[in-house]
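Here's model24.pdb, which has PDB, C-alpha atoms and all ligand atoms:
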```pdb
ATOM      1  CA  MET A   1      16.722  61.009  22.791  1.00  0.00           C
ATOM      2  CA  LYS A   2      17.329  64.190  24.743  1.00  0.00           C
ATOM      3  CA  LEU A   3      20.349  66.146  23.545  1.00  0.00           C
ATOM      4  CA  ARG A   4      21.638  67.798  26.699  1.00  0.00           C
ATOM      5  CA  GLY A   5      25.067  67.826  28.332  1.00  0.00           C
ATOM      6  CA  LEU A   6      28.694  67.868  27.240  1.00  0.00           C
ATOM      7  CA  TYR A   7      29.480  67.805  23.510  1.00  0.00           C
ATOM      8  CA  ALA A   8      33.159  66.847  23.244  1.00  0.00           C
ATOM      9  CA  ILE A   9      34.961  67.749  20.005  1.00  0.00           C
ATOM     10  CA  THR A  10      38.300  66.274  18.958  1.00  0.00           C
ATOM     11  CA  ASP A  11      41.191  68.287  17.548  1.00  0.00           C
ATOM     12  CA  SER A  12      43.960  66.546  15.629  1.00  0.00           C
ATOM     13  CA  GLN A  13      46.775  68.875  16.714  1.00  0.00           C
ATOM     14  CA  LEU A  14      45.781  69.044  20.362  1.00  0.00           C
ATOM     15  CA  LEU A  15      45.301  65.267  20.595  1.00  0.00           C
ATOM     16  CA  ALA A  16      48.375  64.226  18.573  1.00  0.00           C
ATOM     17  CA  GLY A  17      49.944  61.162  20.227  1.00  0.00           C
ATOM     18  CA  LYS A  18      47.113  60.765  22.771  1.00  0.00           C
ATOM     19  CA  PHE A  19      43.986  60.674  20.614  1.00  0.00           C
ATOM     20  CA  LEU A  20      42.229  57.521  21.818  1.00  0.00           C
ATOM     21  CA  PRO A  21      43.256  57.635  25.516  1.00  0.00           C
ATOM     22  CA  TYR A  22      42.064  61.243  25.840  1.00  0.00           C
ATOM     23  CA  VAL A  23      38.799  60.583  24.006  1.00  0.00           C
ATOM     24  CA  GLU A  24      38.165  57.486  26.128  1.00  0.00           C
ATOM     25  CA  ALA A  25      38.875  59.510  29.277  1.00  0.00           C
ATOM     26  CA  ALA A  26      36.217  62.011  28.217  1.00  0.00           C
ATOM     27  CA  LEU A  27      33.684  59.268  27.458  1.00  0.00           C
ATOM     28  CA  ASP A  28      34.448  57.778  30.862  1.00  0.00           C
ATOM     29  CA  GLY A  29      33.468  61.064  32.490  1.00  0.00           C
ATOM     30  CA  GLY A  30      30.236  61.263  30.462  1.00  0.00           C
ATOM     31  CA  VAL A  31      29.713  62.736  27.001  1.00  0.00           C
ATOM     32  CA  THR A  32      26.326  63.288  25.336  1.00  0.00           C
ATOM     33  CA  LEU A  33      27.762  63.779  21.828  1.00  0.00           C
ATOM     34  CA  LEU A  34      31.285  63.259  20.499  1.00  0.00           C
ATOM     35  CA  GLN A  35      32.332  65.086  17.334  1.00  0.00           C
ATOM     36  CA  TYR A  36      35.227  63.877  15.209  1.00  0.00           C
ATOM     37  CA  ARG A  37      36.741  67.115  13.846  1.00  0.00           C
ATOM     38  CA  ASP A  38      39.813  66.792  11.640  1.00  0.00           C
ATOM     39  CA  LYS A  39      40.423  69.657   9.216  1.00  0.00           C
ATOM     40  CA  SER A  40      43.201  67.825   7.312  1.00  0.00           C
ATOM     41  CA  GLN A  41      42.857  66.329   3.844  1.00  0.00           C
ATOM     42  CA  ASP A  42      44.305  63.002   4.998  1.00  0.00           C
ATOM     43  CA  GLU A  43      41.379  60.775   3.969  1.00  0.00           C
ATOM     44  CA  ALA A  44      43.022  57.526   5.109  1.00  0.00           C
ATOM     45  CA  ARG A  45      43.711  58.845   8.595  1.00  0.00           C
ATOM     46  CA  ARG A  46      40.256  60.359   8.831  1.00  0.00           C
ATOM     47  CA  LEU A  47      38.642  57.026   8.019  1.00  0.00           C
ATOM     48  CA  ARG A  48      40.910  55.091  10.404  1.00  0.00           C
ATOM     49  CA  GLU A  49      40.343  57.470  13.329  1.00  0.00           C
ATOM     50  CA  ALA A  50      36.626  57.793  12.722  1.00  0.00           C
ATOM     51  CA  GLU A  51      36.255  53.994  12.622  1.00  0.00           C
ATOM     52  CA  ALA A  52      38.109  53.745  15.932  1.00  0.00           C
ATOM     53  CA  LEU A  53      35.686  56.284  17.399  1.00  0.00           C
ATOM     54  CA  VAL A  54      32.681  54.295  16.149  1.00  0.00           C
ATOM     55  CA  GLU A  55      33.939  51.323  18.172  1.00  0.00           C
ATOM     56  CA  LEU A  56      34.725  53.433  21.256  1.00  0.00           C
ATOM     57  CA  CYS A  57      31.382  55.230  21.153  1.00  0.00           C
ATOM     58  CA  SER A  58      29.474  51.982  20.838  1.00  0.00           C
ATOM     59  CA  ARG A  59      31.243  50.698  23.988  1.00  0.00           C
ATOM     60  CA  TYR A  60      30.309  53.861  25.901  1.00  0.00           C
ATOM     61  CA  LYS A  61      26.858  54.228  24.286  1.00  0.00           C
ATOM     62  CA  THR A  62      27.741  57.729  23.058  1.00  0.00           C
ATOM     63  CA  ARG A  63      26.462  59.212  19.785  1.00  0.00           C
ATOM     64  CA  LEU A  64      29.194  60.076  17.266  1.00  0.00           C
ATOM     65  CA  ILE A  65      29.067  63.054  14.889  1.00  0.00           C
ATOM     66  CA  VAL A  66      31.483  63.655  12.008  1.00  0.00           C
ATOM     67  CA  ASN A  67      32.364  67.262  11.248  1.00  0.00           C
ATOM     68  CA  ASP A  68      31.910  68.632   7.693  1.00  0.00           C
ATOM     69  CA  ASP A  69      31.627  65.305   5.843  1.00  0.00           C
ATOM     70  CA  ALA A  70      28.146  63.868   5.249  1.00  0.00           C
ATOM     71  CA  GLU A  71      29.561  61.132   2.972  1.00  0.00           C
ATOM     72  CA  LEU A  72      31.866  59.835   5.709  1.00  0.00           C
ATOM     73  CA  ALA A  73      29.012  60.034   8.221  1.00  0.00           C
ATOM     74  CA  ALA A  74      26.815  57.968   5.883  1.00  0.00           C
ATOM     75  CA  ARG A  75      29.582  55.400   5.396  1.00  0.00           C
ATOM     76  CA  LEU A  76      29.910  54.985   9.173  1.00  0.00           C
ATOM     77  CA  GLY A  77      26.208  55.284   9.994  1.00  0.00           C
ATOM     78  CA  VAL A  78      26.694  58.262  12.334  1.00  0.00           C
ATOM     79  CA  GLY A  79      25.589  61.916  12.498  1.00  0.00           C
ATOM     80  CA  VAL A  80      27.115  64.987  10.890  1.00  0.00           C
ATOM     81  CA  HIS A  81      27.759  68.633  11.794  1.00  0.00           C
ATOM     82  CA  LEU A  82      27.531  71.061   8.870  1.00  0.00           C
ATOM     83  CA  GLY A  83      28.710  74.664   8.811  1.00  0.00           C
ATOM     84  CA  GLN A  84      27.327  77.287   6.457  1.00  0.00           C
ATOM     85  CA  THR A  85      29.814  76.303   3.723  1.00  0.00           C
ATOM     86  CA  ASP A  86      29.793  72.534   4.283  1.00  0.00           C
ATOM     87  CA  GLY A  87      26.831  71.701   2.056  1.00  0.00           C
ATOM     88  CA  PRO A  88      23.050  71.919   2.431  1.00  0.00           C
ATOM     89  CA  LEU A  89      21.075  70.214   5.199  1.00  0.00           C
ATOM     90  CA  THR A  90      18.195  68.804   3.170  1.00  0.00           C
ATOM     91  CA  PRO A  91      20.250  66.357   1.043  1.00  0.00           C
ATOM     92  CA  ALA A  92      22.264  65.398   4.133  1.00  0.00           C
ATOM     93  CA  ARG A  93      19.011  64.480   5.896  1.00  0.00           C
ATOM     94  CA  THR A  94      17.945  62.417   2.875  1.00  0.00           C
ATOM     95  CA  LEU A  95      21.330  60.690   2.809  1.00  0.00           C
ATOM     96  CA  LEU A  96      21.537  59.946   6.547  1.00  0.00           C
ATOM     97  CA  GLY A  97      17.893  59.226   7.309  1.00  0.00           C
ATOM     98  CA  ARG A  98      15.335  60.453   9.843  1.00  0.00           C
ATOM     99  CA  GLU A  99      17.078  59.127  12.949  1.00  0.00           C
ATOM    100  CA  ALA A 100      20.502  60.675  12.291  1.00  0.00           C
ATOM    101  CA  ILE A 101      21.693  63.615  14.370  1.00  0.00           C
ATOM    102  CA  ILE A 102      22.478  66.569  12.088  1.00  0.00           C
ATOM    103  CA  GLY A 103      23.839  69.787  13.551  1.00  0.00           C
ATOM    104  CA  SER A 104      24.066  73.200  11.932  1.00  0.00           C
ATOM    105  CA  THR A 105      26.405  76.133  12.636  1.00  0.00           C
ATOM    106  CA  CYS A 106      24.340  79.326  12.961  1.00  0.00           C
ATOM    107  CA  HIS A 107      27.102  81.684  14.191  1.00  0.00           C
ATOM    108  CA  ALA A 108      25.179  84.507  15.929  1.00  0.00           C
ATOM    109  CA  GLN A 109      22.141  84.597  13.631  1.00  0.00           C
ATOM    110  CA  LEU A 110      18.665  83.480  14.657  1.00  0.00           C
ATOM    111  CA  GLU A 111      17.540  83.526  11.017  1.00  0.00           C
ATOM    112  CA  LEU A 112      20.106  80.833  10.173  1.00  0.00           C
ATOM    113  CA  ALA A 113      18.821  78.759  13.066  1.00  0.00           C
ATOM    114  CA  GLU A 114      15.202  79.089  11.944  1.00  0.00           C
ATOM    115  CA  GLN A 115      16.201  78.060   8.439  1.00  0.00           C
ATOM    116  CA  ALA A 116      18.177  75.082   9.804  1.00  0.00           C
ATOM    117  CA  ALA A 117      15.127  74.017  11.817  1.00  0.00           C
ATOM    118  CA  ARG A 118      12.956  74.154   8.694  1.00  0.00           C
ATOM    119  CA  GLU A 119      15.530  72.084   6.773  1.00  0.00           C
ATOM    120  CA  GLY A 120      15.605  69.280   9.322  1.00  0.00           C
ATOM    121  CA  ALA A 121      18.485  70.032  11.702  1.00  0.00           C
ATOM    122  CA  SER A 122      18.532  68.091  14.985  1.00  0.00           C
ATOM    123  CA  TYR A 123      20.269  70.905  16.875  1.00  0.00           C
ATOM    124  CA  VAL A 124      21.565  74.386  16.131  1.00  0.00           C
ATOM    125  CA  ALA A 125      24.953  75.710  17.246  1.00  0.00           C
ATOM    126  CA  PHE A 126      25.768  79.321  18.147  1.00  0.00           C
ATOM    127  CA  GLY A 127      29.171  80.815  18.878  1.00  0.00           C
ATOM    128  CA  ARG A 128      31.858  81.586  19.584  1.00  0.00           C
ATOM    129  CA  PHE A 129      30.859  82.801  23.064  1.00  0.00           C
ATOM    130  CA  PHE A 130      34.401  83.444  24.366  1.00  0.00           C
ATOM    131  CA  ASN A 131      37.892  83.812  22.904  1.00  0.00           C
ATOM    132  CA  SER A 132      38.772  80.578  21.187  1.00  0.00           C
ATOM    133  CA  VAL A 133      42.307  79.331  20.601  1.00  0.00           C
ATOM    134  CA  THR A 134      40.929  76.764  18.169  1.00  0.00           C
ATOM    135  CA  LYS A 135      38.901  79.181  16.008  1.00  0.00           C
ATOM    136  CA  PRO A 136      39.731  82.774  16.953  1.00  0.00           C
ATOM    137  CA  GLY A 137      37.970  84.262  13.930  1.00  0.00           C
ATOM    138  CA  ALA A 138      34.536  82.742  14.539  1.00  0.00           C
ATOM    139  CA  PRO A 139      31.788  85.411  14.865  1.00  0.00           C
ATOM    140  CA  ALA A 140      30.985  86.438  18.439  1.00  0.00           C
ATOM    141  CA  ALA A 141      27.663  85.539  20.095  1.00  0.00           C
ATOM    142  CA  ASP A 142      26.274  86.509  23.509  1.00  0.00           C
ATOM    143  CA  THR A 143      23.765  85.349  26.105  1.00  0.00           C
ATOM    144  CA  ALA A 144      21.076  87.761  24.849  1.00  0.00           C
ATOM    145  CA  LEU A 145      21.055  85.819  21.572  1.00  0.00           C
ATOM    146  CA  LEU A 146      20.796  82.603  23.547  1.00  0.00           C
ATOM    147  CA  GLU A 147      17.663  83.805  25.341  1.00  0.00           C
ATOM    148  CA  GLN A 148      16.049  84.886  22.063  1.00  0.00           C
ATOM    149  CA  ALA A 149      16.928  81.517  20.523  1.00  0.00           C
ATOM    150  CA  ARG A 150      15.443  79.717  23.518  1.00  0.00           C
ATOM    151  CA  ALA A 151      12.184  81.652  23.101  1.00  0.00           C
ATOM    152  CA  ARG A 152      11.941  81.140  19.339  1.00  0.00           C
ATOM    153  CA  LEU A 153      13.275  77.635  18.729  1.00  0.00           C
ATOM    154  CA  LYS A 154      12.134  74.209  19.818  1.00  0.00           C
ATOM    155  CA  LEU A 155      15.397  72.492  18.844  1.00  0.00           C
ATOM    156  CA  PRO A 156      18.240  71.767  21.274  1.00  0.00           C
ATOM    157  CA  ILE A 157      20.674  74.681  21.410  1.00  0.00           C
ATOM    158  CA  CYS A 158      24.402  74.065  21.316  1.00  0.00           C
ATOM    159  CA  VAL A 159      26.972  76.695  22.312  1.00  0.00           C
ATOM    160  CA  ILE A 160      30.625  76.712  21.304  1.00  0.00           C
ATOM    161  CA  GLY A 161      33.804  78.766  21.438  1.00  0.00           C
ATOM    162  CA  GLY A 162      36.267  79.165  24.307  1.00  0.00           C
ATOM    163  CA  ILE A 163      34.051  77.356  26.789  1.00  0.00           C
ATOM    164  CA  THR A 164      35.725  76.250  30.023  1.00  0.00           C
ATOM    165  CA  LEU A 165      34.567  75.101  33.448  1.00  0.00           C
ATOM    166  CA  ASP A 166      35.049  78.691  34.639  1.00  0.00           C
ATOM    167  CA  ASN A 167      32.712  80.351  32.124  1.00  0.00           C
ATOM    168  CA  ALA A 168      30.154  77.670  31.168  1.00  0.00           C
ATOM    169  CA  ALA A 169      27.556  78.001  33.955  1.00  0.00           C
ATOM    170  CA  PRO A 170      25.903  81.230  32.650  1.00  0.00           C
ATOM    171  CA  LEU A 171      25.456  79.624  29.221  1.00  0.00           C
ATOM    172  CA  VAL A 172      23.507  76.750  30.776  1.00  0.00           C
ATOM    173  CA  ALA A 173      21.523  79.227  32.892  1.00  0.00           C
ATOM    174  CA  HIS A 174      20.594  81.163  29.726  1.00  0.00           C
ATOM    175  CA  GLY A 175      19.271  78.078  27.972  1.00  0.00           C
ATOM    176  CA  ALA A 176      22.129  76.129  26.373  1.00  0.00           C
ATOM    177  CA  ASP A 177      21.432  72.409  26.042  1.00  0.00           C
ATOM    178  CA  LEU A 178      24.827  71.305  24.738  1.00  0.00           C
ATOM    179  CA  LEU A 179      28.249  72.671  25.701  1.00  0.00           C
ATOM    180  CA  ALA A 180      30.595  72.036  22.751  1.00  0.00           C
ATOM    181  CA  VAL A 181      34.176  72.068  23.994  1.00  0.00           C
ATOM    182  CA  ILE A 182      37.640  71.386  22.606  1.00  0.00           C
ATOM    183  CA  HIS A 183      40.431  73.121  24.589  1.00  0.00           C
ATOM    184  CA  GLY A 184      38.464  73.444  27.807  1.00  0.00           C
ATOM    185  CA  LEU A 185      38.234  69.649  27.882  1.00  0.00           C
ATOM    186  CA  PHE A 186      41.152  68.177  25.936  1.00  0.00           C
ATOM    187  CA  GLY A 187      43.697  70.875  26.867  1.00  0.00           C
ATOM    188  CA  ALA A 188      44.178  68.968  30.131  1.00  0.00           C
ATOM    189  CA  ASP A 189      47.540  67.544  31.267  1.00  0.00           C
ATOM    190  CA  SER A 190      46.339  64.008  31.965  1.00  0.00           C
ATOM    191  CA  THR A 191      43.565  61.547  31.169  1.00  0.00           C
ATOM    192  CA  GLN A 192      42.424  61.794  34.798  1.00  0.00           C
ATOM    193  CA  GLU A 193      41.964  65.543  34.407  1.00  0.00           C
ATOM    194  CA  VAL A 194      39.980  65.049  31.162  1.00  0.00           C
ATOM    195  CA  THR A 195      37.623  62.697  33.021  1.00  0.00           C
ATOM    196  CA  ARG A 196      37.298  65.130  35.928  1.00  0.00           C
ATOM    197  CA  ARG A 197      36.469  67.991  33.580  1.00  0.00           C
ATOM    198  CA  ALA A 198      33.888  65.932  31.673  1.00  0.00           C
ATOM    199  CA  ARG A 199      32.137  65.064  34.949  1.00  0.00           C
ATOM    200  CA  ALA A 200      32.241  68.697  36.054  1.00  0.00           C
ATOM    201  CA  PHE A 201      30.737  69.952  32.760  1.00  0.00           C
ATOM    202  CA  ASN A 202      27.883  67.475  33.126  1.00  0.00           C
ATOM    203  CA  ALA A 203      27.311  68.485  36.735  1.00  0.00           C
ATOM    204  CA  LEU A 204      26.419  71.994  35.480  1.00  0.00           C
ATOM    205  CA  PHE A 205      23.279  70.498  33.906  1.00  0.00           C
ATOM    206  CA  ALA A 206      22.301  68.552  37.006  1.00  0.00           C
ATOM    207  CA  SER A 207      22.052  71.798  38.965  1.00  0.00           C
ATOM    208  CA  ALA A 208      20.377  73.868  36.195  1.00  0.00           C
TER     209      ALA A 208
HETATM  210  C1  LIG B   1      28.975  71.840  17.566  1.00  0.00           C
HETATM  211  C2  LIG B   1      29.693  72.628  16.548  1.00  0.00           C
HETATM  212  N1  LIG B   1      29.359  73.939  16.369  1.00  0.00           N
HETATM  213  C3  LIG B   1      29.997  74.676  15.453  1.00  0.00           C
HETATM  214  C4  LIG B   1      30.988  74.115  14.698  1.00  0.00           C
HETATM  215  C5  LIG B   1      31.691  74.941  13.649  1.00  0.00           C
HETATM  216  O1  LIG B   1      31.391  74.473  12.342  1.00  0.00           O
HETATM  217  P1  LIG B   1      31.973  75.291  11.085  1.00  0.00           P
HETATM  218  O2  LIG B   1      31.479  76.682  11.161  1.00  0.00           O
HETATM  219  O3  LIG B   1      31.675  74.520   9.873  1.00  0.00           O
HETATM  220  O4  LIG B   1      33.538  75.296  11.349  1.00  0.00           O
HETATM  221  P2  LIG B   1      34.518  74.033  11.408  1.00  0.00           P
HETATM  222  O5  LIG B   1      34.354  73.369  12.737  1.00  0.00           O
HETATM  223  O6  LIG B   1      34.183  73.089  10.310  1.00  0.00           O
HETATM  224  O7  LIG B   1      35.887  74.613  11.265  1.00  0.00           O
HETATM  225  C6  LIG B   1      31.304  72.771  14.900  1.00  0.00           C
HETATM  226  N2  LIG B   1      32.257  72.139  14.206  1.00  0.00           N
HETATM  227  N3  LIG B   1      30.641  72.049  15.828  1.00  0.00           N
HETATM  228  C1  LIG B   2      34.769  74.962  15.792  1.00  0.00           C
HETATM  229  C2  LIG B   2      34.405  76.249  16.411  1.00  0.00           C
HETATM  230  N1  LIG B   2      33.392  77.024  15.918  1.00  0.00           N
HETATM  231  C3  LIG B   2      33.216  78.155  16.590  1.00  0.00           C
HETATM  232  S1  LIG B   2      34.328  78.301  17.860  1.00  0.00           S
HETATM  233  C4  LIG B   2      35.023  76.788  17.498  1.00  0.00           C
HETATM  234  C5  LIG B   2      36.180  76.219  18.249  1.00  0.00           C
HETATM  235  C6  LIG B   2      35.815  75.596  19.579  1.00  0.00           C
HETATM  236  O1  LIG B   2      36.982  75.165  20.207  1.00  0.00           O
HETATM  237  P1  LIG B   2      37.395  75.670  21.667  1.00  0.00           P
HETATM  238  O2  LIG B   2      36.471  74.999  22.640  1.00  0.00           O
HETATM  239  O3  LIG B   2      38.819  75.189  21.821  1.00  0.00           O
HETATM  240  O4  LIG B   2      37.292  77.165  21.675  1.00  0.00           O
HETATM  241 MG    MG B   3      32.580  72.929   9.059  1.00  0.00          MG
END
```

For the file at hand, write its structure as structure tokens.
Ligand SMILES: Cc1ncc(COP(=O)(O)OP(=O)(O)O)c(N)n1
Ligand SMILES: Cc1ncsc1CCOP(=O)(O)O
Ligand SMILES: [Mg+2]
Amino acid sequence: MKLRGLYAITDSQLLAGKFLPYVEAALDGGVTLLQYRDKSQDEARRLREAEALVELCSRYKTRLIVNDDAELAARLGVGVHLGQTDGPLTPARTLLGREAIIGSTCHAQLELAEQAAREGASYVAFGRFFNSVTKPGAPAADTALLEQARARLKLPICVIGGITLDNAAPLVAHGADLLAVIHGLFGADSTQEVTRRARAFNALFASA
């Protein structure tokens, strides 16, 4: 399966009170990957919401990824995204199996991406590329890094951090396969606007 297009990521604060309608609106507009990202310690809520997303994603034929938590991903039979302090890739691959999508945060370092590739990652993620309300302290990356990554890596390349419809096109032009977006998608005022934005993000790939 080709990993290319919009990678929508949920945010518990931003989506409070409108979680499922906003996620469904995004899926309606077209989402290649959906990541469930909840940084709370509320295990019961995490399980309940993630199970609801499994059902929604199966209806829309979208692949689901759980952030940080390989055990939860294994329980649900979905993929996982692991940062540099979220546990090693190799055991996660053993736990989840060959077909699972496993992503790795590589900040702005090609060496981390090459290591992730060797350890069985399905895609590598660089960023933040712009100012991010969600994660302001994430290390900064630029399009020069993206071009080097494109030349050196065979894996799909994901970009993240402050991405909006106004700044995303150059990232696709410089070789990004997946646009990972929180605020630029779910910061919308209505479900209709979420769907419109999802369609518009995907259209950037059609013309690339
Ligand atoms: C697609 C994607 N890329 C990067 C991240 C960031 O992961 P991490 O550095 O572990 O930070 P948290 O998201 O866990 O706060 C991501 N989640 N998804
Ligand atoms: C999780 C993460 N990792 C680097 S930036 C970021 C936040 C992305 O959210 P937004 O699209 O709102 O900037
Ligand atoms: Mg993490």

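Atom CA of A:Cys106 to atom O2 of ligand LIG 1 (chain B) spans 7.8 Å [interatomic distance, one decimal].
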
*Would you translate the PyMOL selection byres (((chain A and resi 100) around 12) and not hetatm) into the concrete set of residues it matches in this file, as a ChimeraX atom specification?*
/A:1,63-66,70,73-74,76-81,89,92-99,101-103,120-123

*Length of the atom C1 of ligand LIG 2 (chain B) to atom CA of A:Gly127 vector [Å]*: 8.7 Å

*All residues within 9 Å of ligand LIG 1 (chain B) are required, counting only C-alpha atoms and all ligand atoms; please report them as a count of residues only.*
39

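All residues of protein, DNA or RNA that reach within 7 Å of A:Ile163, judged by only C-alpha atoms and not counting those fewer than 5 positions away in the chain, are Phe130, Ala168, Val181 and Gly184 of chain A.
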
Selected residues written out, C-alpha atoms, as an mmCIF file, in the frame of the given file:
```
data_model
loop_
_atom_site.group_PDB
_atom_site.id
_atom_site.type_symbol
_atom_site.label_atom_id
_atom_site.label_comp_id
_atom_site.auth_asym_id
_atom_site.auth_seq_id
_atom_site.Cartn_x
_atom_site.Cartn_y
_atom_site.Cartn_z
ATOM 1 C CA PHE A 130 34.401 83.444 24.366
ATOM 2 C CA ALA A 168 30.154 77.670 31.168
ATOM 3 C CA VAL A 181 34.176 72.068 23.994
ATOM 4 C CA GLY A 184 38.464 73.444 27.807
#
```

*Please write as JSON, numbers by chain the full residue list that the PyMOL selection byres (((chain A and resi 17-26) around 12) and not hetatm) yields on this file.*
{"A": [6, 7, 8, 9, 10, 11, 12, 13, 14, 15, 16, 27, 28, 29, 30, 31, 32, 33, 34, 35, 36, 37, 38, 48, 49, 50, 51, 52, 53, 54, 55, 56, 57, 58, 59, 60, 61, 62, 64, 181, 182, 184, 185, 186, 187, 188, 189, 190, 191, 192, 193, 194, 195, 196, 197, 198, 199, 200, 201, 202]}

Take the residues that were just selected and, keeping C-alpha atoms, output them as an mmCIF file, in the frame of the given file.
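Listed below is the output, out37.cif:
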```
data_model
loop_
_atom_site.group_PDB
_atom_site.id
_atom_site.type_symbol
_atom_site.label_atom_id
_atom_site.label_comp_id
_atom_site.auth_asym_id
_atom_site.auth_seq_id
_atom_site.Cartn_x
_atom_site.Cartn_y
_atom_site.Cartn_z
ATOM 1 C CA LEU A 6 28.694 67.868 27.240
ATOM 2 C CA TYR A 7 29.480 67.805 23.510
ATOM 3 C CA ALA A 8 33.159 66.847 23.244
ATOM 4 C CA ILE A 9 34.961 67.749 20.005
ATOM 5 C CA THR A 10 38.300 66.274 18.958
ATOM 6 C CA ASP A 11 41.191 68.287 17.548
ATOM 7 C CA SER A 12 43.960 66.546 15.629
ATOM 8 C CA GLN A 13 46.775 68.875 16.714
ATOM 9 C CA LEU A 14 45.781 69.044 20.362
ATOM 10 C CA LEU A 15 45.301 65.267 20.595
ATOM 11 C CA ALA A 16 48.375 64.226 18.573
ATOM 12 C CA LEU A 27 33.684 59.268 27.458
ATOM 13 C CA ASP A 28 34.448 57.778 30.862
ATOM 14 C CA GLY A 29 33.468 61.064 32.490
ATOM 15 C CA GLY A 30 30.236 61.263 30.462
ATOM 16 C CA VAL A 31 29.713 62.736 27.001
ATOM 17 C CA THR A 32 26.326 63.288 25.336
ATOM 18 C CA LEU A 33 27.762 63.779 21.828
ATOM 19 C CA LEU A 34 31.285 63.259 20.499
ATOM 20 C CA GLN A 35 32.332 65.086 17.334
ATOM 21 C CA TYR A 36 35.227 63.877 15.209
ATOM 22 C CA ARG A 37 36.741 67.115 13.846
ATOM 23 C CA ASP A 38 39.813 66.792 11.640
ATOM 24 C CA ARG A 48 40.910 55.091 10.404
ATOM 25 C CA GLU A 49 40.343 57.470 13.329
ATOM 26 C CA ALA A 50 36.626 57.793 12.722
ATOM 27 C CA GLU A 51 36.255 53.994 12.622
ATOM 28 C CA ALA A 52 38.109 53.745 15.932
ATOM 29 C CA LEU A 53 35.686 56.284 17.399
ATOM 30 C CA VAL A 54 32.681 54.295 16.149
ATOM 31 C CA GLU A 55 33.939 51.323 18.172
ATOM 32 C CA LEU A 56 34.725 53.433 21.256
ATOM 33 C CA CYS A 57 31.382 55.230 21.153
ATOM 34 C CA SER A 58 29.474 51.982 20.838
ATOM 35 C CA ARG A 59 31.243 50.698 23.988
ATOM 36 C CA TYR A 60 30.309 53.861 25.901
ATOM 37 C CA LYS A 61 26.858 54.228 24.286
ATOM 38 C CA THR A 62 27.741 57.729 23.058
ATOM 39 C CA LEU A 64 29.194 60.076 17.266
ATOM 40 C CA VAL A 181 34.176 72.068 23.994
ATOM 41 C CA ILE A 182 37.640 71.386 22.606
ATOM 42 C CA GLY A 184 38.464 73.444 27.807
ATOM 43 C CA LEU A 185 38.234 69.649 27.882
ATOM 44 C CA PHE A 186 41.152 68.177 25.936
ATOM 45 C CA GLY A 187 43.697 70.875 26.867
ATOM 46 C CA ALA A 188 44.178 68.968 30.131
ATOM 47 C CA ASP A 189 47.540 67.544 31.267
ATOM 48 C CA SER A 190 46.339 64.008 31.965
ATOM 49 C CA THR A 191 43.565 61.547 31.169
ATOM 50 C CA GLN A 192 42.424 61.794 34.798
ATOM 51 C CA GLU A 193 41.964 65.543 34.407
ATOM 52 C CA VAL A 194 39.980 65.049 31.162
ATOM 53 C CA THR A 195 37.623 62.697 33.021
ATOM 54 C CA ARG A 196 37.298 65.130 35.928
ATOM 55 C CA ARG A 197 36.469 67.991 33.580
ATOM 56 C CA ALA A 198 33.888 65.932 31.673
ATOM 57 C CA ARG A 199 32.137 65.064 34.949
ATOM 58 C CA ALA A 200 32.241 68.697 36.054
ATOM 59 C CA PHE A 201 30.737 69.952 32.760
ATOM 60 C CA ASN A 202 27.883 67.475 33.126
#
```

*asked:* As a check of understanding, name the residues that the PyMOL selection byres (((chain A and resi 145) around 12) and not hetatm) selects in the supplied structure, as a count of residues only.
replied: 31

Report, as AutoDock Vina command-line options, the axis-aligned box around all atoms of ligand LIG 2 (chain B) present in the file, extended by 3 Å on each side; give centre and edge lengths in Å to one decimal place.
```
--center_x 36.0 --center_y 76.6 --center_z 19.2 --size_x 11.6 --size_y 9.3 --size_z 12.8
```
